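Heads up, start.txt below (compact mmCIF, C-alpha atoms and all ligand atoms):
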# COMPACT_ATOMS: atom_id res chain seq x y z
CA MET U 1 27.06 53.74 -52.09
CA THR U 2 25.08 50.59 -51.33
CA THR U 3 21.58 51.34 -52.54
CA ALA U 4 20.55 50.25 -56.00
CA PRO U 5 19.32 53.17 -58.08
CA ARG U 6 15.61 53.98 -58.18
CA ARG U 7 14.67 50.99 -56.09
CA PRO U 8 10.91 51.27 -55.59
CA ALA U 9 9.90 52.11 -52.05
CA GLY U 10 9.35 49.10 -49.88
CA GLU U 11 11.21 46.71 -52.10
CA SER U 12 13.51 44.37 -50.25
CA ALA U 13 17.22 44.65 -50.87
CA ASN U 14 17.75 40.97 -49.99
CA GLY U 15 18.32 38.47 -52.68
CA ALA U 16 20.87 39.42 -55.28
CA ARG U 17 18.80 38.11 -58.16
CA ARG U 18 15.71 40.03 -57.34
CA GLY U 19 17.57 43.26 -56.53
CA ARG U 20 19.71 42.98 -59.60
CA LYS U 21 16.92 42.41 -62.08
CA THR U 22 14.77 45.15 -60.65
CA ALA U 23 17.61 47.64 -60.44
CA ALA U 24 18.79 46.78 -63.91
CA LYS U 25 15.33 47.25 -65.37
CA SER U 26 14.91 50.64 -63.81
CA VAL U 27 18.40 51.89 -64.58
CA SER U 28 18.63 51.86 -68.33
CA LYS U 29 17.19 50.87 -71.62
CA ALA U 30 20.36 48.87 -72.06
CA ALA U 31 19.47 46.98 -68.96
CA ALA U 32 15.98 46.27 -70.26
CA LYS U 33 17.59 43.14 -71.62
CA PRO U 34 19.52 41.94 -68.58
CA ARG U 35 22.02 39.18 -69.19
CA ALA U 36 20.43 35.78 -68.79
CA GLU U 37 21.39 34.35 -65.43
CA SER U 38 22.70 31.24 -67.13
CA ALA U 39 24.91 33.13 -69.64
CA PRO U 40 28.53 32.15 -69.25
CA VAL U 41 30.96 34.81 -68.09
CA ALA U 42 34.30 34.15 -69.66
CA ALA U 43 37.68 35.46 -68.66
CA THR U 44 38.55 35.31 -72.35
CA PRO U 45 36.22 35.21 -75.33
CA ALA U 46 36.19 31.93 -77.15
CA ASP U 47 38.28 33.19 -80.06
CA ALA U 48 41.07 34.76 -78.02
CA SER U 49 44.06 32.91 -76.72
CA PRO U 50 43.78 32.36 -72.99
CA VAL U 51 46.71 34.02 -71.31
CA ARG U 52 47.99 32.72 -68.03
CA ALA U 53 51.26 34.34 -67.09
CA HIS U 54 51.79 38.02 -67.73
CA ARG U 55 55.59 37.77 -67.93
CA GLY U 56 55.52 35.37 -70.84
CA VAL U 57 54.82 38.17 -73.36
CA PRO U 58 51.30 36.99 -74.06
CA VAL U 59 49.83 37.97 -77.39
CA PRO U 60 46.14 37.11 -77.62
CA ARG U 61 44.86 37.04 -81.18
CA ARG U 62 43.10 40.09 -82.51
CA SER U 63 39.38 39.73 -82.05
CA GLY U 64 36.43 42.04 -82.60
CA ALA U 65 35.08 44.20 -85.42
CA PRO U 66 37.71 44.98 -88.08
CA ILE U 67 39.61 48.27 -88.30
CA THR U 68 39.66 49.75 -91.81
CA PRO U 69 42.87 50.83 -93.62
CA ALA U 70 41.96 54.51 -93.11
CA GLU U 71 41.39 53.88 -89.41
CA ARG U 72 44.77 52.18 -89.18
CA ILE U 73 46.49 55.25 -90.56
CA GLU U 74 44.60 57.38 -88.05
CA LEU U 75 45.84 55.10 -85.26
CA LEU U 76 49.41 55.65 -86.41
CA ARG U 77 48.88 59.43 -86.70
CA GLN U 78 47.52 59.61 -83.17
CA MET U 79 50.33 57.52 -81.68
CA ILE U 80 53.00 59.62 -83.39
CA ARG U 81 51.31 62.80 -82.17
CA ILE U 82 51.23 61.54 -78.56
CA ARG U 83 54.83 60.25 -78.65
CA ARG U 84 56.25 63.47 -80.06
CA PHE U 85 54.20 65.62 -77.68
CA GLU U 86 55.66 63.76 -74.72
CA GLU U 87 59.20 63.73 -76.08
CA ARG U 88 58.93 67.52 -76.28
CA CYS U 89 57.56 67.63 -72.74
CA VAL U 90 60.72 65.88 -71.53
CA ARG U 91 62.80 68.69 -73.03
CA LEU U 92 60.51 71.38 -71.63
CA TYR U 93 60.66 69.77 -68.21
CA SER U 94 64.44 69.45 -68.25
CA SER U 95 64.75 73.14 -69.10
CA GLU U 96 62.21 73.96 -66.33
CA ALA U 97 59.79 75.57 -68.73
CA ILE U 98 57.15 73.25 -67.25
CA ARG U 99 57.20 72.16 -63.60
CA GLY U 100 55.46 69.85 -61.16
CA PHE U 101 55.08 66.13 -61.77
CA LEU U 102 55.39 64.55 -65.19
CA HIS U 103 54.30 60.96 -65.82
CA LEU U 104 55.08 59.89 -69.35
CA TYR U 105 53.02 57.51 -71.46
CA ILE U 106 55.77 56.66 -73.95
CA GLY U 107 55.37 53.01 -75.00
CA GLU U 108 51.66 52.85 -74.09
CA GLU U 109 50.27 54.92 -76.99
CA ALA U 110 48.50 51.99 -78.65
CA VAL U 111 46.03 51.92 -75.78
CA ALA U 112 45.00 55.57 -75.98
CA ALA U 113 44.81 55.57 -79.78
CA GLY U 114 43.06 52.21 -80.11
CA LEU U 115 40.62 52.64 -77.29
CA LEU U 116 39.53 56.24 -77.57
CA GLY U 117 39.41 56.26 -81.36
CA VAL U 118 36.37 53.99 -81.20
CA LEU U 119 34.24 56.25 -78.99
CA GLU U 120 31.49 58.71 -79.89
CA PRO U 121 31.59 62.35 -78.73
CA ALA U 122 28.69 61.67 -76.33
CA ASP U 123 30.65 58.96 -74.51
CA ALA U 124 32.52 59.81 -71.31
CA VAL U 125 36.18 59.17 -70.46
CA VAL U 126 37.85 59.06 -67.06
CA SER U 127 41.63 59.07 -66.95
CA THR U 128 44.60 58.75 -64.57
CA TYR U 129 47.63 60.91 -63.77
CA ARG U 130 49.35 59.40 -66.87
CA ASP U 131 46.82 61.29 -68.91
CA HIS U 132 48.42 63.24 -71.80
CA GLY U 133 47.86 60.47 -74.33
CA HIS U 134 44.28 59.95 -73.20
CA ALA U 135 43.46 63.65 -73.46
CA LEU U 136 45.06 64.01 -76.89
CA ALA U 137 43.34 60.92 -78.29
CA ARG U 138 40.03 62.10 -76.86
CA GLY U 139 40.29 65.32 -78.83
CA VAL U 140 41.19 67.79 -76.10
CA PRO U 141 42.98 70.52 -78.09
CA MET U 142 46.76 70.33 -77.81
CA ASN U 143 46.94 74.07 -77.17
CA ALA U 144 44.79 73.70 -74.06
CA ILE U 145 46.88 70.74 -72.84
CA MET U 146 50.21 72.48 -73.39
CA ALA U 147 48.94 75.65 -71.71
CA GLU U 148 47.92 73.51 -68.74
CA MET U 149 51.43 72.07 -68.52
CA TYR U 150 52.73 75.65 -68.42
CA GLY U 151 50.20 76.60 -65.71
CA ARG U 152 48.54 79.23 -67.90
CA THR U 153 44.97 80.43 -67.58
CA THR U 154 44.29 79.19 -71.11
CA GLY U 155 44.94 75.61 -69.96
CA CYS U 156 42.12 73.07 -69.96
CA SER U 157 42.02 73.29 -66.13
CA HIS U 158 42.80 77.01 -66.11
CA GLY U 159 46.41 76.26 -65.21
CA ARG U 160 45.46 74.95 -61.76
CA GLY U 161 45.73 71.25 -62.46
CA GLY U 162 48.91 70.71 -64.44
CA SER U 163 50.00 67.49 -66.08
CA MET U 164 48.02 65.15 -63.79
CA HIS U 165 44.69 66.97 -63.94
CA LEU U 166 43.74 67.51 -67.54
CA PHE U 167 39.97 68.04 -67.74
CA ASP U 168 37.55 69.01 -70.47
CA ALA U 169 33.86 68.72 -69.62
CA GLU U 170 32.80 69.79 -73.12
CA ARG U 171 34.50 66.69 -74.54
CA ARG U 172 33.32 64.60 -71.61
CA PHE U 173 36.91 64.07 -70.50
CA TYR U 174 36.55 63.93 -66.71
CA GLY U 175 40.22 63.94 -65.61
CA GLY U 176 43.20 63.37 -64.90
CA ASN U 177 43.32 62.16 -61.27
CA ALA U 178 46.37 61.97 -58.97
CA ILE U 179 44.75 59.36 -56.75
CA VAL U 180 45.34 55.75 -57.79
CA GLY U 181 41.91 54.26 -58.48
CA GLY U 182 40.22 57.62 -57.83
CA GLY U 183 38.58 57.64 -61.25
CA LEU U 184 36.71 54.38 -60.72
CA PRO U 185 33.86 55.73 -58.55
CA VAL U 186 33.65 58.83 -60.77
CA ALA U 187 33.22 56.64 -63.84
CA THR U 188 30.69 54.41 -62.10
CA GLY U 189 28.67 57.48 -61.19
CA LEU U 190 28.86 58.85 -64.73
CA ALA U 191 27.72 55.54 -66.18
CA LEU U 192 24.89 55.34 -63.66
CA ALA U 193 23.78 58.87 -64.56
CA ASP U 194 23.84 58.09 -68.28
CA ALA U 195 21.89 54.88 -67.70
CA MET U 196 19.26 56.67 -65.60
CA ARG U 197 18.93 59.40 -68.21
CA ASP U 198 18.87 56.80 -70.97
CA THR U 199 21.41 58.72 -73.08
CA GLY U 200 22.91 55.64 -74.74
CA ALA U 201 26.42 56.87 -73.89
CA VAL U 202 29.20 54.56 -72.72
CA THR U 203 31.74 55.57 -70.07
CA VAL U 204 35.32 54.37 -70.43
CA CYS U 205 37.36 54.26 -67.24
CA LEU U 206 41.13 54.01 -67.64
CA PHE U 207 43.28 52.93 -64.70
CA GLY U 208 46.54 51.13 -64.01
CA ASP U 209 47.24 47.68 -62.60
CA GLY U 210 47.99 49.38 -59.27
CA ALA U 211 44.33 50.36 -58.97
CA VAL U 212 43.27 46.71 -58.93
CA ALA U 213 44.69 46.54 -55.40
CA GLU U 214 42.35 49.35 -54.23
CA GLY U 215 39.02 48.69 -52.54
CA GLU U 216 37.30 51.06 -54.96
CA PHE U 217 38.11 48.74 -57.83
CA HIS U 218 36.17 45.89 -56.25
CA GLU U 219 33.26 48.05 -55.13
CA CYS U 220 32.90 49.60 -58.57
CA LEU U 221 33.12 46.36 -60.54
CA ASN U 222 30.55 44.82 -58.25
CA LEU U 223 28.08 47.71 -58.57
CA ALA U 224 28.60 48.09 -62.31
CA ALA U 225 27.87 44.39 -62.84
CA LEU U 226 24.97 44.40 -60.38
CA TRP U 227 23.33 47.39 -62.07
CA GLN U 228 24.44 46.42 -65.61
CA LEU U 229 25.94 49.85 -66.20
CA PRO U 230 27.18 51.01 -69.63
CA LEU U 231 30.79 51.06 -68.45
CA LEU U 232 34.02 49.82 -70.00
CA PHE U 233 36.78 49.20 -67.45
CA ALA U 234 40.09 49.65 -69.28
CA CYS U 235 43.00 48.47 -67.16
CA GLU U 236 46.37 49.58 -68.51
CA ASN U 237 48.49 46.77 -67.14
CA ASN U 238 52.03 48.06 -67.62
CA HIS U 239 53.21 45.52 -65.04
CA TYR U 240 54.49 48.07 -62.52
CA ALA U 241 52.83 50.23 -59.90
CA MET U 242 55.57 52.83 -59.50
CA GLY U 243 58.52 50.58 -58.43
CA THR U 244 56.41 47.54 -57.53
CA VAL U 245 56.21 44.72 -60.03
CA LEU U 246 52.79 43.10 -60.45
CA GLU U 247 53.58 39.76 -58.82
CA HIS U 248 54.88 41.40 -55.66
CA GLU U 249 51.50 42.99 -55.13
CA HIS U 250 48.89 40.62 -56.55
CA ALA U 251 48.31 36.98 -55.61
CA VAL U 252 46.56 36.47 -58.97
CA THR U 253 48.31 38.33 -61.77
CA ASP U 254 45.70 37.58 -64.43
CA LEU U 255 43.72 40.73 -63.88
CA ALA U 256 41.04 39.86 -66.44
CA LEU U 257 40.41 36.64 -64.58
CA ARG U 258 39.93 38.53 -61.34
CA ALA U 259 37.58 41.01 -62.98
CA ALA U 260 35.53 38.18 -64.49
CA SER U 261 34.77 36.94 -60.98
CA TYR U 262 32.42 39.91 -60.63
CA GLY U 263 30.27 38.55 -63.42
CA LEU U 264 31.25 40.70 -66.36
CA PRO U 265 32.96 39.72 -69.62
CA ALA U 266 36.69 40.37 -69.24
CA TRP U 267 39.63 39.49 -71.41
CA PRO U 268 43.28 40.40 -71.97
CA VAL U 269 44.41 42.34 -75.04
CA ASP U 270 47.85 42.97 -76.52
CA GLY U 271 48.19 46.59 -75.48
CA MET U 272 51.23 47.09 -77.74
CA ASP U 273 49.07 46.50 -80.82
CA ALA U 274 46.81 49.46 -81.64
CA ILE U 275 44.71 47.38 -84.04
CA ALA U 276 44.10 44.69 -81.42
CA VAL U 277 43.11 47.38 -78.91
CA GLY U 278 40.75 49.03 -81.42
CA MET U 279 39.10 45.72 -82.31
CA ALA U 280 38.67 44.63 -78.70
CA THR U 281 37.26 48.02 -77.75
CA ARG U 282 34.80 47.99 -80.63
CA ARG U 283 33.66 44.56 -79.59
CA ALA U 284 33.26 45.60 -75.95
CA VAL U 285 31.52 48.90 -76.75
CA GLU U 286 29.09 47.21 -79.15
CA SER U 287 28.21 44.74 -76.44
CA ILE U 288 27.72 47.50 -73.86
CA ARG U 289 25.59 49.64 -76.21
CA GLY U 290 23.52 46.59 -77.04
CA GLY U 291 22.56 46.21 -73.39
CA GLY U 292 25.19 43.64 -72.41
CA GLY U 293 26.30 45.49 -69.28
CA PRO U 294 29.86 46.41 -68.35
CA CYS U 295 33.03 44.87 -69.82
CA PHE U 296 36.63 44.75 -68.65
CA LEU U 297 39.71 44.87 -70.88
CA GLU U 298 43.15 44.12 -69.49
CA LEU U 299 45.45 45.96 -71.88
CA ARG U 300 48.90 44.50 -71.47
CA THR U 301 51.38 47.21 -72.17
CA TYR U 302 54.68 48.69 -70.98
CA ARG U 303 56.11 52.11 -70.27
CA PHE U 304 59.49 52.67 -71.82
CA ARG U 305 60.36 55.55 -69.47
CA ALA U 306 60.53 55.73 -65.67
CA HIS U 307 57.36 56.03 -63.57
CA SER U 308 57.81 59.82 -63.50
CA MET U 309 60.59 62.30 -64.13
CA TYR U 310 61.63 61.88 -60.47
CA ASP U 311 62.04 58.13 -60.64
CA ALA U 312 65.54 56.62 -60.99
CA ASP U 313 63.97 53.43 -62.47
CA ARG U 314 66.30 51.06 -60.57
CA TYR U 315 63.75 48.29 -60.07
CA ARG U 316 63.69 46.75 -63.56
CA ALA U 317 66.36 45.32 -65.79
CA LYS U 318 67.52 47.25 -68.85
CA THR U 319 67.22 44.03 -70.81
CA GLU U 320 63.53 43.85 -69.95
CA ILE U 321 62.97 47.39 -71.23
CA GLU U 322 64.87 46.62 -74.43
CA GLU U 323 62.86 43.45 -74.91
CA TRP U 324 59.57 45.39 -74.70
CA LYS U 325 60.91 48.07 -77.04
CA THR U 326 61.06 45.44 -79.76
CA ARG U 327 57.24 45.58 -79.63
CA ASP U 328 57.07 49.38 -79.83
CA PRO U 329 53.53 50.02 -81.16
CA ILE U 330 54.59 52.75 -83.59
CA PRO U 331 57.13 50.91 -85.77
CA ARG U 332 54.99 47.81 -85.43
CA LEU U 333 51.94 49.43 -87.01
CA PHE U 334 54.08 51.34 -89.49
CA ASP U 335 55.68 48.10 -90.71
CA GLU U 336 52.26 46.49 -91.02
CA LEU U 337 50.87 49.39 -93.06
CA CYS U 338 53.93 49.31 -95.34
CA ALA U 339 53.62 45.56 -95.80
CA ALA U 340 49.96 46.03 -96.81
CA GLY U 341 51.06 48.58 -99.42
CA ASP U 342 49.07 51.35 -97.75
CA PHE U 343 51.93 53.47 -96.59
CA THR U 344 55.50 54.70 -97.14
CA LEU U 345 58.33 56.25 -95.16
CA ALA U 346 57.44 59.61 -96.70
CA ASP U 347 53.88 59.27 -95.41
CA ARG U 348 55.20 58.65 -91.92
CA ALA U 349 57.57 61.62 -92.17
CA ALA U 350 54.61 63.80 -93.14
CA LEU U 351 52.76 62.72 -89.98
CA GLU U 352 55.82 63.59 -87.89
CA VAL U 353 56.17 67.00 -89.50
CA ALA U 354 52.48 67.74 -88.89
CA ALA U 355 52.75 66.66 -85.24
CA ASP U 356 55.83 68.82 -84.69
CA ALA U 357 54.11 71.84 -86.23
CA GLU U 358 51.11 71.35 -83.92
CA ILE U 359 53.43 71.07 -80.91
CA ASP U 360 55.43 74.18 -81.91
CA ALA U 361 52.21 76.18 -82.23
CA ALA U 362 50.97 74.93 -78.86
CA ILE U 363 54.24 75.94 -77.15
CA THR U 364 54.20 79.37 -78.76
CA ALA U 365 50.60 79.94 -77.65
CA ALA U 366 51.27 78.66 -74.12
CA GLU U 367 54.32 80.86 -73.65
CA ALA U 368 52.35 83.91 -74.77
CA ALA U 369 49.38 83.14 -72.49
CA PRO U 370 48.91 84.82 -69.10
CA LEU U 371 49.55 83.28 -65.70
CA GLU U 372 46.72 83.54 -63.22
CA PRO U 373 46.54 87.00 -61.61
CA ILE U 374 46.90 87.29 -57.82
CA SER U 375 43.32 88.56 -57.69
CA ASP U 376 42.10 85.10 -58.81
CA LEU U 377 44.04 83.21 -56.16
CA THR U 378 41.02 82.29 -54.04
CA ARG U 379 38.63 81.71 -56.93
CA HIS U 380 37.38 78.18 -57.73
CA VAL U 381 37.96 77.06 -54.15
CA TYR U 382 34.20 76.91 -53.59
CA ALA U 383 31.51 76.68 -56.26
CA GLU U 384 30.76 80.08 -57.71
CA ARG U 385 27.37 81.48 -58.59
CA LYS U 386 27.24 82.46 -62.21
C1 LIG U 401 45.48 56.09 -53.31
C2 LIG U 401 46.91 56.29 -53.69
N1 LIG U 401 47.85 55.49 -53.14
C3 LIG U 401 49.15 55.65 -53.47
C4 LIG U 401 49.53 56.64 -54.35
C5 LIG U 401 50.99 56.78 -54.72
N2 LIG U 401 51.18 56.30 -56.08
C6 LIG U 401 51.28 57.15 -57.10
S1 LIG U 401 51.47 56.37 -58.54
C7 LIG U 401 51.40 54.85 -57.84
C8 LIG U 401 51.50 53.59 -58.67
C9 LIG U 401 50.27 53.33 -59.49
O1 LIG U 401 50.51 52.37 -60.47
P1 LIG U 401 49.47 51.98 -61.58
O2 LIG U 401 48.09 52.17 -61.08
O3 LIG U 401 49.82 50.63 -62.08
O4 LIG U 401 49.66 53.08 -62.73
P2 LIG U 401 50.92 53.36 -63.66
O5 LIG U 401 51.75 54.40 -62.95
O6 LIG U 401 51.62 52.07 -63.84
O7 LIG U 401 50.37 53.93 -64.93
C10 LIG U 401 51.26 54.97 -56.47
C11 LIG U 401 51.19 53.82 -55.55
C12 LIG U 401 48.52 57.47 -54.88
N3 LIG U 401 48.80 58.44 -55.76
N4 LIG U 401 47.21 57.26 -54.58
Translate this structure into structure tokens?
Ligand SMILES: Cc1ncc(C[n+]2csc(CCOP(=O)(O)OP(=O)(O)O)c2C)c(N)n1
Amino acid sequence: MTTAPRRPAGESANGARRGRKTAAKSVSKAAAKPRAESAPVAATPADASPVRAHRGVPVPRRSGAPITPAERIELLRQMIRIRRFEERCVRLYSSEAIRGFLHLYIGEEAVAAGLLGVLEPADAVVSTYRDHGHALARGVPMNAIMAEMYGRTTGCSHGRGGSMHLFDAERRFYGGNAIVGGGLPVATGLALADAMRDTGAVTVCLFGDGAVAEGEFHECLNLAALWQLPLLFACENNHYAMGTVLEHEHAVTDLALRAASYGLPAWPVDGMDAIAVGMATRRAVESIRGGGGPCFLELRTYRFRAHSMYDADRYRAKTEIEEWKTRDPIPRLFDELCAAGDFTLADRAALEVAADAEIDAAITAAEAAPLEPISDLTRHVYAERK
């Protein structure tokens, strides 16, 4: 994909400035106000702490539009729902009720809740194989997700995708993708389509730090910046790509700094703080909707569990895991709500009871749902005429 969209016939592709302005103008209303060539591109916004080393537990200040008390409670509700869903999945997996791969999101819930809570229904979301939290926070019904884990026809991918391939076109949730970095070109295409149709929608592309090492990452950031696409790159930097720690793979471990070199605003965010994630996302999305072009958030987070259920997790120290658990986003937000007088232990217990009831109902429905019949085995291999 090297041709700028809707380039008028005969126009030269040489000269980045000329190509960029022309392409941007024709791509979207947002791009009708292309960023001034002299505008500074910062790795961190002026009011955030610059973060150099990722191992030093960096905590940039919260910055962006405020999150109301009611929204804070919703963040907590969503995180509890995701955590308890996955804890139940561990039990279901251990008892072999669900099979295949299982990549847990436990510890990273602040990102899904904070980021996706800010979006509109018309916006698009592209996820990774660690996708349960993203799908739940996006509003994919839990029944459809649980049925997918069980491989039932009532699953959101008709039972054919499983844990790594949750998909719901109606909610503009475009996967679930087993390929590291595979969602980046999909998201770039979605954002390009929305820009060309002038829908005003923003696409959010979630991916891990491992994807930054892929060629697609660099191609997509370049094109998104060149064409000023309405695209938010959301890198979940949990510091490990399977068993490989960030600094064994990347010469420059400040991923926001690397992203900024493509000419888009990029900054790190405390990904263990749902409020910080929500504020940063709101700020980025407002900028994108206002015609500011793509943004990049480096959400610094941590997974408390192994890479997947098959991983012995021998590559990181227990002390490191325990250290990160002290920043668990759920008790952290709960304590903050209590301190503000907005919340009590009983309120939290009520959220847990509600989440458990939703999970119980989803399991009951999944277990009662049919498996795919043999007669459907070769369906959906090629596109079907309706
Ligand atoms: C293109 C590609 N290369 C390698 C793999 C094997 N693989 C699966 S997960 C993974 C690590 C990815 O780490 P990251 O992107 O940081 O995501 P995280 O698991 O930390 O959420 C790798 C290398 C793959 N699935 N796809």
Using all atoms listed in the file: which of U:Asp311, U:Glu170, U:Glu108, U:Asp347 has the shortest distance to Pro121 (chain U):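 Once distances to Pro121 (chain U) are computed over all atoms listed in the file, the minimum belongs to U:Glu170.
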Exercise: Tyr262 (chain U) partners within 8 Å, only C-alpha atoms, chain neighbours under 5 positions left out, as a ChimeraX atom specification: /U:221-222,225
With C-alpha atoms kept, could you save the residues just selected as a PDB file, in the frame of the given file?
ATOM      1  CA  LEU U 221      33.120  46.360 -60.540  1.00  0.00           C
ATOM      2  CA  ASN U 222      30.550  44.820 -58.250  1.00  0.00           C
ATOM      3  CA  ALA U 225      27.870  44.390 -62.840  1.00  0.00           C
TER       4      ALA U 225
END
Exercise answer, 9 Å around ligand LIG 401 (chain U) with all atoms listed in the file, as number ranges by chain: U: 103-105, 128-130, 177-182, 207-214, 235-246, 302-303, 307-308
Neighbour list for Phe304 (chain U) as a PyMOL selection string, cut-off 8 Å, all atoms listed in the file, skip fewer than 2 positions in-chain: chain U and resi 106-107+302+306+321+324-325
Keeping only C-alpha atoms, write the selected residues as a PDB file, in the frame of the given file.
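again-v1.pdb written:
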ATOM      1  CA  ILE U 106      55.770  56.660 -73.950  1.00  0.00           C
ATOM      2  CA  GLY U 107      55.370  53.010 -75.000  1.00  0.00           C
ATOM      3  CA  TYR U 302      54.680  48.690 -70.980  1.00  0.00           C
ATOM      4  CA  ALA U 306      60.530  55.730 -65.670  1.00  0.00           C
ATOM      5  CA  ILE U 321      62.970  47.390 -71.230  1.00  0.00           C
ATOM      6  CA  TRP U 324      59.570  45.390 -74.700  1.00  0.00           C
ATOM      7  CA  LYS U 325      60.910  48.070 -77.040  1.00  0.00           C
TER       8      LYS U 325
END
Best match for closeness to Gly117 (chain U) among U:Val90, U:Val285, U:Leu255, U:Ala355, counting only C-alpha atoms: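 So, comparing all the options, the nearest one is U:Val285.
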